[in-house]
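Inspection log for the structure reproduced underneath, given as structure tokens.
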Amino acid sequence: MLAHLVVISRQVERGGGASLLGQTVFAVLSPLQRVMGAGLGAVVATWSGYVDLRHVSRENLDLRARVASLEMELQRQQDRLREADRLREIADVKPTLPFETLLAQVIATDGVPWYRTVTLNRGSGDGVTLNSPVISTTGVVGRIVAVGPHAAKVQLLLDHESGLGVRIERSRITAVVSGQAGFADQVGNLLAMNFVPVLADVVVGDVVVTSGLDRMFPKGLMVGRVQSVKTTGGLFKDILVAPSAHFEKLEELMVVRRRPDDIVFNQEVRPPEPARPTPRPPARSTPPSQ
């Protein structure tokens, strides 16, 4: 009976030229077709999204690598620009100095946090000698304490074992400054000015320059400014000086190759000896007259 119904429904035509069997099959299968089409479309979309996501992830990694490379290149360019600015400052300062200098680069610093010494890439082969002054574009940095063929070590003014003859530019008072790093951490970035009489004319803000009396540093180089002046009741004042050199960012420095001529005494001057009395000839005795 079911087979007869199927055969008969195939022969019976409905409106639109379609048989009853065809319309029935279409009505039954069309929802299933829609479901299958939607499912297949979702699968295709998911796969396409996965493939696109893989491409996007790969492109993202490539873009990240490119951004990192560009950032490194930008950093190098900025470093070169800052180095060019520093070298330009040195080039502007060198012609104004009344002595010959040698440009050197800092290649190492001391391991302690006070940076008491730094190492330069110039040595005896470049004309660097012991006790040669080292300066920057802003002021005095220190002196050479060790020399190798291609490197030299600089003792900074911050070192408590350093010493430098200075003068107050306004009042012309002479003194000696030394560093405090190593035993006074709270003022490790300041210089102590020693041997200033209690009655000396020194005020906060006075400019401190080299005096040249130590026969090591040329006269008139900038050292710093007076930051504090205290009178403790002794013979000398307690004075702290803020250095003009930027010790926290030393990179390019200048080594003074020609120091002030050493004082040489060719002949010792002695005081004249006291005059010795001239011996008198013995008096002749007069023979008695007869």
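Ordering of the structure tokens sets the chain letters (A, B, ...), residue numbers begin anew at 1 in every chain, and ligands are numbered from 1 in the order given.
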
DSSP strand (DSSP E or B) residues within stretch 118-212 of chain A, as a PDB file with C-alpha atoms, in the first residue's frame:
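Below is the file states-v5.pdb, written as the result:
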ATOM      1  CA  VAL A 118      86.735  55.701  36.417  1.00  0.00           C
ATOM      2  CA  THR A 119      88.814  54.162  33.639  1.00  0.00           C
ATOM      3  CA  LEU A 120      89.539  55.942  30.361  1.00  0.00           C
ATOM      4  CA  PRO A 133      94.247  66.744  35.312  1.00  0.00           C
ATOM      5  CA  VAL A 134      90.956  65.459  33.922  1.00  0.00           C
ATOM      6  CA  ILE A 135      88.107  67.873  33.212  1.00  0.00           C
ATOM      7  CA  VAL A 140      87.108  69.610  37.134  1.00  0.00           C
ATOM      8  CA  VAL A 141      86.642  65.836  37.389  1.00  0.00           C
ATOM      9  CA  GLY A 142      89.863  64.504  38.944  1.00  0.00           C
ATOM     10  CA  ARG A 143      93.410  63.408  38.166  1.00  0.00           C
ATOM     11  CA  ILE A 144      95.179  60.378  36.666  1.00  0.00           C
ATOM     12  CA  VAL A 145      96.417  57.976  39.358  1.00  0.00           C
ATOM     13  CA  ALA A 146      97.334  54.938  37.232  1.00  0.00           C
ATOM     14  CA  VAL A 147      98.475  54.694  33.614  1.00  0.00           C
ATOM     15  CA  ALA A 152      94.261  55.171  32.567  1.00  0.00           C
ATOM     16  CA  LYS A 153      92.472  55.363  35.898  1.00  0.00           C
ATOM     17  CA  VAL A 154      91.070  58.640  37.172  1.00  0.00           C
ATOM     18  CA  GLN A 155      90.597  59.461  40.856  1.00  0.00           C
ATOM     19  CA  LEU A 156      87.474  61.595  41.077  1.00  0.00           C
ATOM     20  CA  ASP A 159      87.091  60.381  46.645  1.00  0.00           C
ATOM     21  CA  LEU A 164      92.641  70.162  45.067  1.00  0.00           C
ATOM     22  CA  GLY A 165      93.863  73.701  45.635  1.00  0.00           C
ATOM     23  CA  VAL A 166      91.003  76.157  45.081  1.00  0.00           C
ATOM     24  CA  ARG A 167      90.147  79.817  45.410  1.00  0.00           C
ATOM     25  CA  ILE A 168      86.920  81.709  46.091  1.00  0.00           C
ATOM     26  CA  THR A 174      92.464  80.082  48.995  1.00  0.00           C
ATOM     27  CA  ALA A 175      91.631  76.668  50.431  1.00  0.00           C
ATOM     28  CA  VAL A 176      91.717  72.948  49.700  1.00  0.00           C
ATOM     29  CA  VAL A 177      88.708  70.830  48.687  1.00  0.00           C
ATOM     30  CA  SER A 178      88.421  67.070  49.004  1.00  0.00           C
ATOM     31  CA  GLY A 179      85.744  64.474  48.456  1.00  0.00           C
ATOM     32  CA  ALA A 181      82.635  59.505  49.344  1.00  0.00           C
ATOM     33  CA  LEU A 191      83.079  68.454  48.402  1.00  0.00           C
ATOM     34  CA  ALA A 192      84.472  69.653  51.720  1.00  0.00           C
ATOM     35  CA  MET A 193      86.396  72.930  51.688  1.00  0.00           C
ATOM     36  CA  ASN A 194      89.097  72.808  54.340  1.00  0.00           C
ATOM     37  CA  PRO A 197      89.606  80.734  58.609  1.00  0.00           C
ATOM     38  CA  VAL A 207      82.040  80.356  42.777  1.00  0.00           C
ATOM     39  CA  VAL A 208      84.976  78.051  43.532  1.00  0.00           C
ATOM     40  CA  VAL A 209      87.770  77.718  40.941  1.00  0.00           C
ATOM     41  CA  THR A 210      91.189  76.103  40.894  1.00  0.00           C
TER      42      THR A 210
END

Practice item. Give the answer as one residue: which of A:Thr137, A:Val223, A:Gly205, A:Val67 has the shortest atom-to-atom distance to A:Leu87, using only C-alpha atoms? Key: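 That would be A:Thr137, the residue with the smallest distance to A:Leu87.
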
Practice item. To one decimal in Å, tell me the separation between atom CA of A:Phe247 and atom CA of A:Leu158. Key: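 According to the coordinates, atom CA of A:Phe247 and atom CA of A:Leu158 are separated by 8.4 Å.
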